[in-house]
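Asker: Please find start.txt (compact mmCIF, C-alpha atoms) on the next line:
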```txt
# COMPACT_ATOMS: atom_id res chain seq x y z
CA MET A 187 12.90 106.46 77.46
CA SER A 188 9.30 106.48 76.29
CA PRO A 189 7.78 109.92 75.61
CA ARG A 190 5.32 111.84 77.76
CA ILE A 191 1.86 111.10 76.35
CA ARG A 192 -1.57 112.46 77.11
CA VAL A 193 -4.76 110.74 75.96
CA LYS A 194 -7.52 113.34 76.01
CA GLY A 195 -11.26 112.97 76.43
CA ALA A 196 -11.69 109.18 76.36
CA THR A 197 -14.19 106.97 78.15
CA ILE A 198 -11.86 105.30 80.62
CA VAL A 199 -12.61 101.70 81.59
CA SER A 200 -9.93 101.41 84.24
CA MET A 201 -10.61 97.91 85.68
CA ASP A 202 -9.51 99.48 88.96
CA PRO A 203 -12.42 99.37 91.46
CA THR A 204 -11.33 102.64 93.07
CA ILE A 205 -11.35 104.48 89.74
CA GLY A 206 -14.10 102.69 87.86
CA ILE A 207 -15.39 104.07 84.57
CA ILE A 208 -14.85 107.76 83.87
CA GLU A 209 -16.41 109.56 80.92
CA SER A 210 -14.57 112.26 78.93
CA SER A 211 -11.34 111.95 80.89
CA ASP A 212 -7.60 111.89 80.35
CA LEU A 213 -4.64 109.60 80.88
CA LEU A 214 -1.18 111.05 81.45
CA ILE A 215 1.81 108.81 80.77
CA ASP A 216 5.43 109.58 81.58
CA GLY A 217 8.49 107.36 81.75
CA GLY A 218 6.43 104.46 80.48
CA LYS A 219 4.01 104.62 83.41
CA ILE A 220 0.54 105.99 84.04
CA ILE A 221 0.97 109.01 86.32
CA ALA A 222 -2.55 110.45 86.32
CA VAL A 223 -6.12 109.47 85.42
CA GLY A 224 -8.98 111.95 85.46
CA LYS A 225 -10.31 115.13 83.93
CA ASN A 226 -7.87 117.68 82.51
CA VAL A 227 -4.74 116.05 83.89
CA GLY A 228 -1.23 117.32 83.17
CA SER A 229 0.01 120.47 81.58
CA TRP A 230 2.04 119.31 78.59
CA ALA A 231 2.97 116.22 76.63
CA VAL A 232 5.25 115.33 73.76
CA ILE A 233 2.47 113.27 72.18
CA GLU A 234 -1.20 114.27 72.38
CA ILE A 235 -3.72 111.57 71.45
CA ASP A 236 -7.33 112.58 70.85
CA GLY A 237 -9.36 110.02 72.78
CA ARG A 238 -12.75 111.56 72.12
CA GLY A 239 -15.13 108.97 70.74
CA MET A 240 -12.94 106.18 72.11
CA ILE A 241 -12.82 103.73 75.01
CA ALA A 242 -9.49 103.55 76.84
CA MET A 243 -8.94 100.20 78.52
CA PRO A 244 -6.04 98.09 79.81
CA GLY A 245 -4.43 96.02 77.09
CA PHE A 246 -5.60 92.44 76.81
CA ILE A 247 -3.41 89.77 78.40
CA ASN A 248 -3.34 86.53 76.43
CA GLY A 249 -2.68 83.83 79.01
CA HIS A 250 -1.65 81.00 76.64
CA ILE A 251 -0.54 81.06 73.00
CA HIS A 252 1.94 79.27 70.69
CA LEU A 253 3.22 82.11 68.50
CA TRP A 254 5.62 79.92 66.53
CA GLN A 255 2.70 78.32 64.65
CA THR A 256 1.73 81.57 62.88
CA ALA A 257 3.17 80.42 59.52
CA LEU A 258 0.65 77.56 59.51
CA ARG A 259 -2.47 79.55 60.32
CA GLY A 260 -5.61 77.44 59.97
CA VAL A 261 -3.96 74.17 58.97
CA ALA A 262 -5.60 72.42 61.93
CA ALA A 263 -9.05 73.89 61.32
CA ASP A 264 -10.66 70.43 61.14
CA TRP A 265 -8.22 68.49 63.33
CA THR A 266 -8.79 66.77 66.62
CA LEU A 267 -6.17 66.97 69.35
CA ASP A 268 -4.77 63.57 68.36
CA HIS A 269 -4.43 64.70 64.76
CA TYR A 270 -2.74 67.90 65.90
CA PHE A 271 -0.14 65.93 67.85
CA SER A 272 0.45 63.31 65.17
CA VAL A 273 0.87 65.76 62.27
CA LEU A 274 1.92 69.17 63.54
CA ILE A 275 3.99 67.90 66.43
CA GLY A 276 4.92 64.56 64.90
CA LYS A 277 5.92 65.82 61.45
CA VAL A 278 6.16 69.59 61.23
CA VAL A 279 8.15 70.55 64.32
CA GLY A 280 11.30 68.94 62.93
CA LEU A 281 11.08 71.06 59.78
CA TYR A 282 11.38 74.35 61.65
CA THR A 283 14.62 76.30 61.35
CA PRO A 284 15.52 79.07 63.83
CA GLN A 285 14.46 81.59 61.17
CA ASP A 286 11.04 79.91 60.91
CA ALA A 287 10.71 80.23 64.68
CA TYR A 288 11.74 83.89 64.50
CA ILE A 289 9.37 84.98 61.77
CA GLY A 290 6.41 83.03 63.14
CA ASN A 291 6.89 84.48 66.60
CA LEU A 292 7.48 88.00 65.30
CA VAL A 293 4.44 88.21 63.03
CA GLY A 294 2.35 86.38 65.64
CA ALA A 295 3.33 88.97 68.26
CA LEU A 296 2.55 91.84 65.88
CA ASP A 297 -0.81 90.22 65.15
CA GLN A 298 -1.49 90.18 68.88
CA ILE A 299 -0.62 93.88 69.18
CA ASN A 300 -2.90 94.61 66.23
CA SER A 301 -5.79 92.93 68.05
CA GLY A 302 -5.28 94.86 71.29
CA VAL A 303 -3.09 92.41 73.21
CA THR A 304 -0.27 94.14 75.08
CA THR A 305 0.96 91.12 77.10
CA LEU A 306 1.10 87.43 76.24
CA PHE A 307 2.31 84.14 77.66
CA ASP A 308 4.20 82.47 74.82
CA TRP A 309 4.34 78.70 75.41
CA CYS A 310 7.28 78.03 73.13
CA HIS A 311 7.91 74.35 72.44
CA ILE A 312 9.68 74.87 69.12
CA VAL A 313 12.98 74.94 71.05
CA ASN A 314 14.58 72.24 68.90
CA THR A 315 17.97 73.83 69.59
CA PRO A 316 19.30 76.78 71.63
CA ALA A 317 19.31 78.76 68.38
CA HIS A 318 15.55 78.23 68.04
CA ALA A 319 15.03 79.49 71.60
CA ASP A 320 17.19 82.56 70.97
CA ALA A 321 15.33 83.33 67.75
CA ALA A 322 11.98 83.20 69.55
CA VAL A 323 13.20 85.59 72.25
CA ASP A 324 14.71 87.91 69.65
CA SER A 325 11.36 88.12 67.91
CA LEU A 326 9.46 89.06 71.06
CA GLN A 327 11.95 91.78 71.88
CA ASP A 328 11.88 93.09 68.30
CA ALA A 329 8.06 93.19 68.23
CA GLY A 330 7.84 95.53 71.22
CA ILE A 331 5.21 93.50 73.03
CA ARG A 332 5.25 92.62 76.71
CA ALA A 333 5.72 88.89 76.95
CA VAL A 334 6.41 86.03 79.28
CA PHE A 335 8.62 83.69 77.25
CA ALA A 336 7.86 80.19 78.48
CA TYR A 337 10.80 77.97 77.60
CA GLY A 338 9.07 74.77 76.55
CA THR A 339 9.95 71.14 76.70
CA PRO A 340 10.97 70.13 73.16
CA MET A 341 8.22 67.99 71.71
CA THR A 342 10.64 65.09 71.23
CA LEU A 343 10.77 64.77 75.03
CA PHE A 344 7.02 64.59 75.62
CA GLY A 345 6.16 61.15 76.95
CA THR A 346 9.67 60.59 78.27
CA LYS A 347 11.07 60.95 81.78
CA GLU A 348 13.91 63.20 80.72
CA PRO A 349 14.16 66.48 82.66
CA HIS A 350 13.46 69.93 81.30
CA PRO A 351 16.20 71.15 78.91
CA ALA A 352 19.38 72.35 80.56
CA ASP A 353 19.47 75.18 78.02
CA ALA A 354 16.76 76.89 80.08
CA ARG A 355 19.49 77.69 82.61
CA ARG A 356 21.52 79.43 79.91
CA MET A 357 18.48 81.40 78.76
CA ARG A 358 17.77 82.54 82.29
CA LYS A 359 21.37 83.56 82.97
CA GLU A 360 22.31 85.13 79.65
CA ARG A 361 19.14 86.43 77.99
CA LEU A 362 16.27 86.85 80.44
CA ALA A 363 17.83 87.52 83.82
CA SER A 364 15.66 90.56 84.63
CA GLY A 365 12.20 90.35 86.13
CA ASP A 366 11.50 93.98 85.18
CA ALA A 367 12.16 93.78 81.44
CA LEU A 368 9.47 93.85 78.78
CA VAL A 369 10.20 90.17 78.06
CA THR A 370 10.58 87.90 81.10
CA MET A 371 10.99 84.16 81.46
CA ALA A 372 8.92 81.21 82.59
CA LEU A 373 8.95 77.47 82.00
CA ALA A 374 6.34 75.65 79.93
CA ILE A 375 6.36 72.19 81.47
CA ARG A 376 4.63 68.83 81.15
CA GLY A 377 1.86 68.16 83.62
CA THR A 378 0.85 64.86 85.13
CA ASP A 379 -1.05 63.91 81.95
CA PHE A 380 2.15 63.32 80.02
CA ALA A 381 5.18 62.11 81.92
CA PRO A 382 4.66 61.12 85.56
CA GLY A 383 7.51 62.27 87.75
CA THR A 384 8.75 65.06 85.48
CA ALA A 385 6.29 67.74 86.63
CA GLU A 386 7.79 67.73 90.10
CA ALA A 387 11.32 68.12 88.77
CA ASP A 388 10.30 70.88 86.36
CA ILE A 389 8.53 72.90 89.07
CA ARG A 390 11.58 72.59 91.30
CA LEU A 391 13.77 73.77 88.42
CA ALA A 392 11.55 76.82 87.87
CA ARG A 393 11.90 77.72 91.54
CA GLU A 394 15.63 77.13 91.47
CA LEU A 395 15.95 79.50 88.51
CA GLY A 396 14.02 82.20 90.36
CA LEU A 397 11.94 82.83 87.28
CA ALA A 398 10.26 86.19 86.88
CA PRO A 399 7.80 87.44 87.88
CA ARG A 400 6.88 84.77 90.43
CA ARG A 401 9.13 81.85 89.43
CA LEU A 402 6.33 81.08 87.00
CA CYS A 403 5.78 77.78 85.25
CA GLN A 404 2.75 76.70 83.22
CA ALA A 405 1.81 73.03 83.03
CA TRP A 406 -0.57 71.21 80.68
CA THR A 407 -3.25 69.26 82.49
CA THR A 408 -6.67 67.99 81.45
CA ALA A 409 -7.46 64.85 83.38
CA ALA A 410 -5.96 64.85 86.86
CA ILE A 411 -3.95 66.73 89.44
CA ASP A 412 -1.73 64.59 91.62
CA HIS A 413 -2.53 65.57 95.22
CA SER A 414 1.08 64.80 96.03
CA LEU A 415 2.04 68.01 94.23
CA ALA A 416 0.18 69.94 96.89
CA GLU A 417 1.51 67.72 99.66
CA GLN A 418 5.06 68.42 98.49
CA GLY A 419 4.44 72.17 98.35
CA LEU A 420 4.68 72.17 94.57
CA LEU A 421 1.36 73.88 93.90
CA GLY A 422 1.51 77.61 94.54
CA GLU A 423 0.95 81.02 92.98
CA ASP A 424 3.92 80.34 90.70
CA VAL A 425 2.09 77.47 88.96
CA ASN A 426 -0.48 78.06 86.23
CA LEU A 427 -2.36 75.04 84.83
CA VAL A 428 -3.57 75.02 81.22
CA HIS A 429 -7.00 73.65 80.24
CA ALA A 430 -7.97 71.58 83.33
CA ASN A 431 -11.10 70.38 81.51
CA PHE A 432 -11.80 67.15 83.40
CA LEU A 433 -10.64 67.99 86.91
CA THR A 434 -12.98 67.26 89.80
CA ALA A 435 -14.48 69.80 92.18
CA ASP A 436 -12.07 68.53 94.83
CA GLU A 437 -9.09 69.06 92.53
CA PHE A 438 -10.19 72.60 91.77
CA ARG A 439 -10.40 73.26 95.51
CA VAL A 440 -6.86 71.93 95.94
CA ILE A 441 -5.67 74.27 93.20
CA ALA A 442 -7.46 77.26 94.71
CA ASN A 443 -6.40 76.51 98.29
CA ASN A 444 -2.76 76.37 97.21
CA GLY A 445 -2.89 79.62 95.25
CA ALA A 446 -2.27 78.08 91.82
CA SER A 447 -4.21 79.35 88.81
CA ILE A 448 -5.82 78.05 85.62
CA SER A 449 -5.61 79.22 82.01
CA ILE A 450 -8.68 78.45 79.90
CA THR A 451 -8.57 78.49 76.09
CA PRO A 452 -12.28 78.05 75.36
CA GLU A 453 -12.43 77.91 71.58
CA VAL A 454 -9.70 75.32 71.01
CA GLU A 455 -10.80 73.20 73.98
CA MET A 456 -14.24 72.77 72.45
CA GLN A 457 -12.98 72.37 68.89
CA MET A 458 -10.21 69.83 69.34
CA GLY A 459 -11.89 67.62 71.92
CA LEU A 460 -10.11 68.68 75.09
CA GLY A 461 -13.50 69.11 76.75
CA LEU A 462 -15.83 71.90 77.76
CA PRO A 463 -14.14 74.91 79.34
CA PRO A 464 -14.10 74.41 83.14
CA THR A 465 -15.01 78.03 83.86
CA GLY A 466 -17.92 77.33 86.22
CA ALA A 467 -16.08 74.70 88.27
CA ALA A 468 -13.01 76.93 88.61
CA LEU A 469 -15.09 79.93 89.67
CA ALA A 470 -17.08 77.80 92.12
CA ALA A 471 -13.81 76.76 93.78
CA ARG A 472 -12.70 80.41 93.79
CA ALA A 473 -9.62 79.53 91.79
CA LYS A 474 -7.76 82.22 89.92
CA LEU A 475 -8.13 81.94 86.16
CA ASN A 476 -7.46 83.72 82.92
CA ILE A 477 -8.14 83.35 79.20
CA GLY A 478 -5.82 82.38 76.36
CA THR A 479 -6.13 81.64 72.66
CA ASP A 480 -3.75 78.67 72.20
CA VAL A 481 -3.14 77.50 68.61
CA VAL A 482 -3.30 79.83 65.61
CA THR A 483 -3.17 76.65 63.51
CA GLY A 484 -6.71 75.86 64.59
CA VAL A 485 -8.58 78.83 66.02
CA SER A 486 -8.78 82.61 66.21
CA THR A 487 -6.17 84.45 68.25
CA ASP A 488 -8.02 87.61 69.27
CA MET A 489 -9.27 88.03 72.80
CA PHE A 490 -12.63 89.46 71.78
CA THR A 491 -13.53 86.07 70.31
CA GLN A 492 -12.23 84.15 73.30
CA MET A 493 -14.16 86.27 75.81
CA ARG A 494 -17.37 85.55 73.90
CA PHE A 495 -16.71 81.84 73.68
CA LEU A 496 -16.02 81.74 77.41
CA ILE A 497 -18.97 83.75 78.68
CA GLN A 498 -21.62 82.37 76.34
CA THR A 499 -20.54 78.76 76.80
CA GLN A 500 -20.73 79.09 80.56
CA ARG A 501 -24.09 80.84 80.33
CA ALA A 502 -25.42 78.09 78.05
CA LEU A 503 -24.18 75.28 80.30
CA THR A 504 -25.75 76.86 83.36
CA ASN A 505 -28.98 77.67 81.54
CA ASP A 506 -29.20 74.06 80.40
CA THR A 507 -29.37 72.85 84.01
CA PHE A 508 -32.54 74.91 84.40
CA HIS A 509 -33.97 73.74 81.10
CA LYS A 510 -33.58 70.11 82.17
CA GLN A 511 -35.78 70.95 85.16
CA GLU A 512 -38.25 72.67 82.80
CA THR A 513 -37.56 76.08 84.30
CA MET A 514 -35.81 79.26 83.17
CA PRO A 515 -32.83 80.91 84.90
CA ASP A 516 -33.50 84.02 86.94
CA LYS A 517 -30.01 85.39 86.19
CA LEU A 518 -27.09 84.62 83.92
CA ALA A 519 -24.08 82.66 85.11
CA MET A 520 -21.42 85.24 84.26
CA THR A 521 -21.37 88.98 83.79
CA VAL A 522 -19.58 90.85 81.04
CA ARG A 523 -17.43 92.52 83.69
CA GLN A 524 -16.22 89.12 84.87
CA ALA A 525 -15.28 88.17 81.32
CA LEU A 526 -13.30 91.39 80.84
CA GLU A 527 -11.58 90.91 84.19
CA LEU A 528 -10.38 87.47 83.10
CA ALA A 529 -8.77 89.05 80.02
CA THR A 530 -7.14 91.92 81.92
CA ILE A 531 -6.57 92.30 85.66
CA LYS A 532 -7.30 88.68 86.61
CA SER A 533 -4.96 87.48 83.90
CA ALA A 534 -2.28 89.80 85.25
CA GLU A 535 -2.75 88.20 88.67
CA CYS A 536 -2.32 84.70 87.23
CA LEU A 537 0.95 85.73 85.58
CA GLY A 538 2.23 87.55 88.64
CA LEU A 539 2.12 90.89 86.84
CA ASP A 540 -0.79 92.59 88.58
CA ARG A 541 1.44 95.11 90.36
CA ARG A 542 2.70 96.26 86.98
CA ILE A 543 -0.22 95.95 84.54
CA GLY A 544 -3.85 94.88 84.17
CA SER A 545 -5.61 98.11 85.12
CA LEU A 546 -5.32 101.81 84.32
CA THR A 547 -3.98 102.70 87.73
CA PRO A 548 -1.47 105.51 88.41
CA GLY A 549 1.92 103.95 89.06
CA LYS A 550 1.35 100.97 86.76
CA GLU A 551 3.06 100.59 83.42
CA ALA A 552 1.22 102.15 80.51
CA ASP A 553 -0.26 99.21 78.59
CA ILE A 554 -3.32 100.81 77.04
CA VAL A 555 -5.74 100.14 74.18
CA LEU A 556 -8.06 102.65 72.55
CA LEU A 557 -11.20 101.31 70.85
CA ARG A 558 -13.28 103.46 68.50
CA LYS A 559 -16.80 103.60 69.88
CA SER A 560 -17.74 105.79 66.93
CA ASP A 561 -17.57 102.77 64.57
CA ILE A 562 -20.94 101.48 63.41
CA ASN A 563 -20.80 98.24 65.43
CA MET A 564 -20.09 100.23 68.61
CA ARG A 565 -22.64 103.01 68.15
CA ALA A 566 -25.35 103.52 70.76
CA ALA A 567 -23.82 100.97 73.16
CA ALA A 568 -25.39 101.54 76.55
CA ASP A 569 -22.39 100.39 78.58
CA PRO A 570 -18.69 100.45 77.62
CA ILE A 571 -17.89 97.07 79.19
CA SER A 572 -20.70 95.30 77.37
CA ALA A 573 -19.54 97.08 74.21
CA ILE A 574 -16.02 95.67 74.64
CA VAL A 575 -17.06 92.12 75.48
CA LEU A 576 -20.05 91.61 73.18
CA HIS A 577 -19.69 94.03 70.26
CA ALA A 578 -16.08 95.11 69.71
CA GLY A 579 -13.55 93.42 67.46
CA VAL A 580 -10.07 93.81 66.03
CA ALA A 581 -11.30 96.39 63.50
CA ASN A 582 -12.16 98.76 66.36
CA VAL A 583 -8.63 98.76 67.81
CA ASP A 584 -7.33 102.23 66.99
CA THR A 585 -4.31 102.69 69.27
CA VAL A 586 -2.12 100.35 71.32
CA ILE A 587 0.49 101.51 73.84
CA VAL A 588 2.95 99.08 75.46
CA GLY A 589 5.11 100.36 78.30
CA GLY A 590 4.49 103.92 77.20
CA ASN A 591 5.46 103.26 73.56
CA VAL A 592 2.87 103.68 70.81
CA VAL A 593 2.94 100.44 68.78
CA LYS A 594 -0.31 100.97 66.89
CA GLN A 595 -1.91 104.31 66.02
CA ASN A 596 -4.81 105.36 63.81
CA GLY A 597 -5.54 101.70 63.16
CA LYS A 598 -2.06 100.87 61.83
CA LEU A 599 0.94 99.15 63.40
CA THR A 600 3.97 101.38 63.79
CA TYR A 601 6.39 98.50 63.08
CA ARG A 602 8.42 99.78 60.12
CA ASP A 603 9.39 96.61 58.26
CA LEU A 604 5.98 94.94 58.26
CA PRO A 605 5.70 94.30 54.47
CA GLN A 606 9.13 92.65 54.42
CA ARG A 607 8.31 90.53 57.46
CA LEU A 608 4.99 89.40 56.02
CA ALA A 609 6.78 88.31 52.85
CA GLU A 610 9.23 86.32 54.98
CA LEU A 611 6.30 84.67 56.76
CA GLU A 612 4.78 83.65 53.42
CA ARG A 613 8.06 82.06 52.33
CA SER A 614 8.35 80.21 55.62
CA SER A 615 4.76 79.03 55.29
CA GLN A 616 5.26 77.72 51.77
CA ARG A 617 8.40 75.83 52.73
CA LEU A 618 6.81 74.26 55.80
CA TYR A 619 3.65 73.24 53.94
CA ALA A 620 5.74 71.65 51.23
CA GLY A 621 7.74 69.71 53.77
CA PHE A 622 4.97 67.57 55.20
CA VAL A 623 2.14 65.49 53.81
CA SER A 624 -1.07 64.76 55.75
CA ASP A 625 -3.98 62.71 54.47
CA ASP A 626 -6.39 65.08 56.14
CA SER A 627 -4.65 68.42 55.70
CA ALA A 628 -6.57 69.25 52.54
CA ALA A 629 -9.93 68.10 53.88
```
Using the file provided, produce a representation of the structure as structure tokens.
Answerer:
Amino acid sequence: MSPRIRVKGATIVSMDPTIGIIESSDLLIDGGKIIAVGKNVGSWAVIEIDGRGMIAMPGFINGHIHLWQTALRGVAADWTLDHYFSVLIGKVVGLYTPQDAYIGNLVGALDQINSGVTTLFDWCHIVNTPAHADAAVDSLQDAGIRAVFAYGTPMTLFGTKEPHPADARRMRKERLASGDALVTMALAIRGTDFAPGTAEADIRLARELGLAPRRLCQAWTTAAIDHSLAEQGLLGEDVNLVHANFLTADEFRVIANNGASISITPEVEMQMGLGLPPTGAALAARAKLNIGTDVVTGVSTDMFTQMRFLIQTQRALTNDTFHKQETMPDKLAMTVRQALELATIKSAECLGLDRRIGSLTPGKEADIVLLRKSDINMRAAADPISAIVLHAGVANVDTVIVGGNVVKQNGKLTYRDLPQRLAELERSSQRLYAGFVSDDSAA
């Protein structure tokens, strides 16, 4: 049972429209849940946290990441998407042992906690064997992060018509049967871009498995959505589509009308050639969307960076339409509040977790981040939301609480074996680098 905690005197950015932003206020946590928000709440607590000079906000929710790639951070810094698939997926995946999967996932999850992420969607396609899948789940549970473990199609099956791995059934039955646990299960499936005919079968499998929280599956798509998916009732709130860069306005309307959602990973989409982030088109269709980071091999994995990429790219694209008409915009395309919503409460909605997390609302689970607004880059900020979206960074993350458990405090992770684990990651990295040769990897 997590301890009773009181955060005193913080600026509370609740992301709950009924609570709003409250200055110099408290959060009371008991049994892993938020039980009160306001001034001078509660009478006692096992742990008292001084929140004066800090912003208390819901933890970030990373809507799409591949944690297993942590041991190869930055190797794809100058790679296109084709290069990524030919080298990392074509050569490196087969070198991974279950221990490589474990240590990459573990340190990657701890890195996410360190940056203020309390929940993530781990698209795990390093499931070469059941042992690899088990190692990845073990790591998430050991890290203490809230996670949706998305059992991925092994990369050897991409481009084939073979169905999703049968081992997903075992994982659901034996390891991740609960929809209320800190780590729940989803499927990471192929969309219509890759293997026609398999997306339908994979979505049906996800629904058959009754995956938590909303029978969730996440499918890759960039170029097209088959309208037959909607006609067959296969697009719904349990389907989240990744990237969606070249979909048409009509396709976005189909997605929105059927309750499906979209995960945008703005930095990697622009870097690797997937296309410009489809933020404006998705918002115009009133589709649900969230933000993710995607590949640590190529881009940053903190949500501060991704929010800025998303909002400023969309602002620039919209502004450019005015410039081409030799005029100036009278307002900006997105607000900072919208960007923060996409990284918190809106992301929780996309993952079916909004009843549990995403806002600092009494009754929800206590996933909370404290940012130091006393740091030099946060001083004199006129508005706490603009401070979070436009000025804050990983260095400002003082405290992280997941499900009522303090996993980072006073700027340091509470994970006890971190030096040992980092050494294990270095050894894994060296072995993996030595195991493949790429003409462009040193460029």
Asker: Would you mind listing, for every residue of region 410-501 of chain A within 10 Å of region 377-398 of chain A, the two atoms forming the shortest contact and the distance between them in Å to one decimal, using all atoms listed in the file, sorted by chain and ascending residue number, as a tab-separated table?
Answerer:
```
residue	atom	partner	partner_atom	distance
A:Ala410	CA	A:Asp379	CA	7.0
A:Ile411	CA	A:Thr378	CA	6.7
A:Asp412	CA	A:Thr378	CA	7.0
A:Ser414	CA	A:Glu386	CA	9.4
A:Leu415	CA	A:Glu386	CA	7.1
A:Gln418	CA	A:Glu386	CA	8.8
A:Gly419	CA	A:Glu386	CA	9.9
A:Leu420	CA	A:Ile389	CA	6.8
A:Leu421	CA	A:Ile389	CA	8.7
A:Asp424	CA	A:Arg393	CA	8.4
A:Val425	CA	A:Ile389	CA	7.9
A:Leu427	CA	A:Gly377	CA	8.2
A:Val428	CA	A:Gly377	CA	9.1
```
Asker: How far is it from CA of Pro452 (chain A) to CA of Ala336 (chain A), in Å with one decimal?
Answerer: 20.5 Å
Asker: Please provide the set of residues having any atom within 8 Å of Ala525 (chain A), restricted to all atoms listed in the file, with same-chain residues fewer than 6 positions apart removed, written as a PDB file with C-alpha atoms, in the coordinates of the input.
Answerer:
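Below you can see part_11.pdb, which holds the result:
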```
ATOM      1  CA  MET A 493     -14.160  86.270  75.810  1.00  0.00           C
ATOM      2  CA  LEU A 496     -16.020  81.740  77.410  1.00  0.00           C
ATOM      3  CA  ILE A 497     -18.970  83.750  78.680  1.00  0.00           C
ATOM      4  CA  VAL A 575     -17.060  92.120  75.480  1.00  0.00           C
TER       5      VAL A 575
END
```
Asker: CA of Ala566 (chain A) to CA of Ala222 (chain A): how many Å, to one decimal?
Answerer: 28.5 Å
Asker: Write out as a PyMOL selection string the residues lying within 12 Å of Leu539 (chain A), counting all atoms listed in the file and excluding same-chain residues fewer than 3 positions away.
Answerer: chain A and resi 247+249+305-307+332-334+365-370+398-402+423-424+530-536+542-545+550-551+553
Asker: Looking at A:Ala552, A:His318, A:Leu292, A:Lys510, which one is nearest to Ser188 (chain A), with distances taken over all atoms listed in the file?
Answerer: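 Of all the options, A:Ala552 lies closest to Ser188 (chain A).
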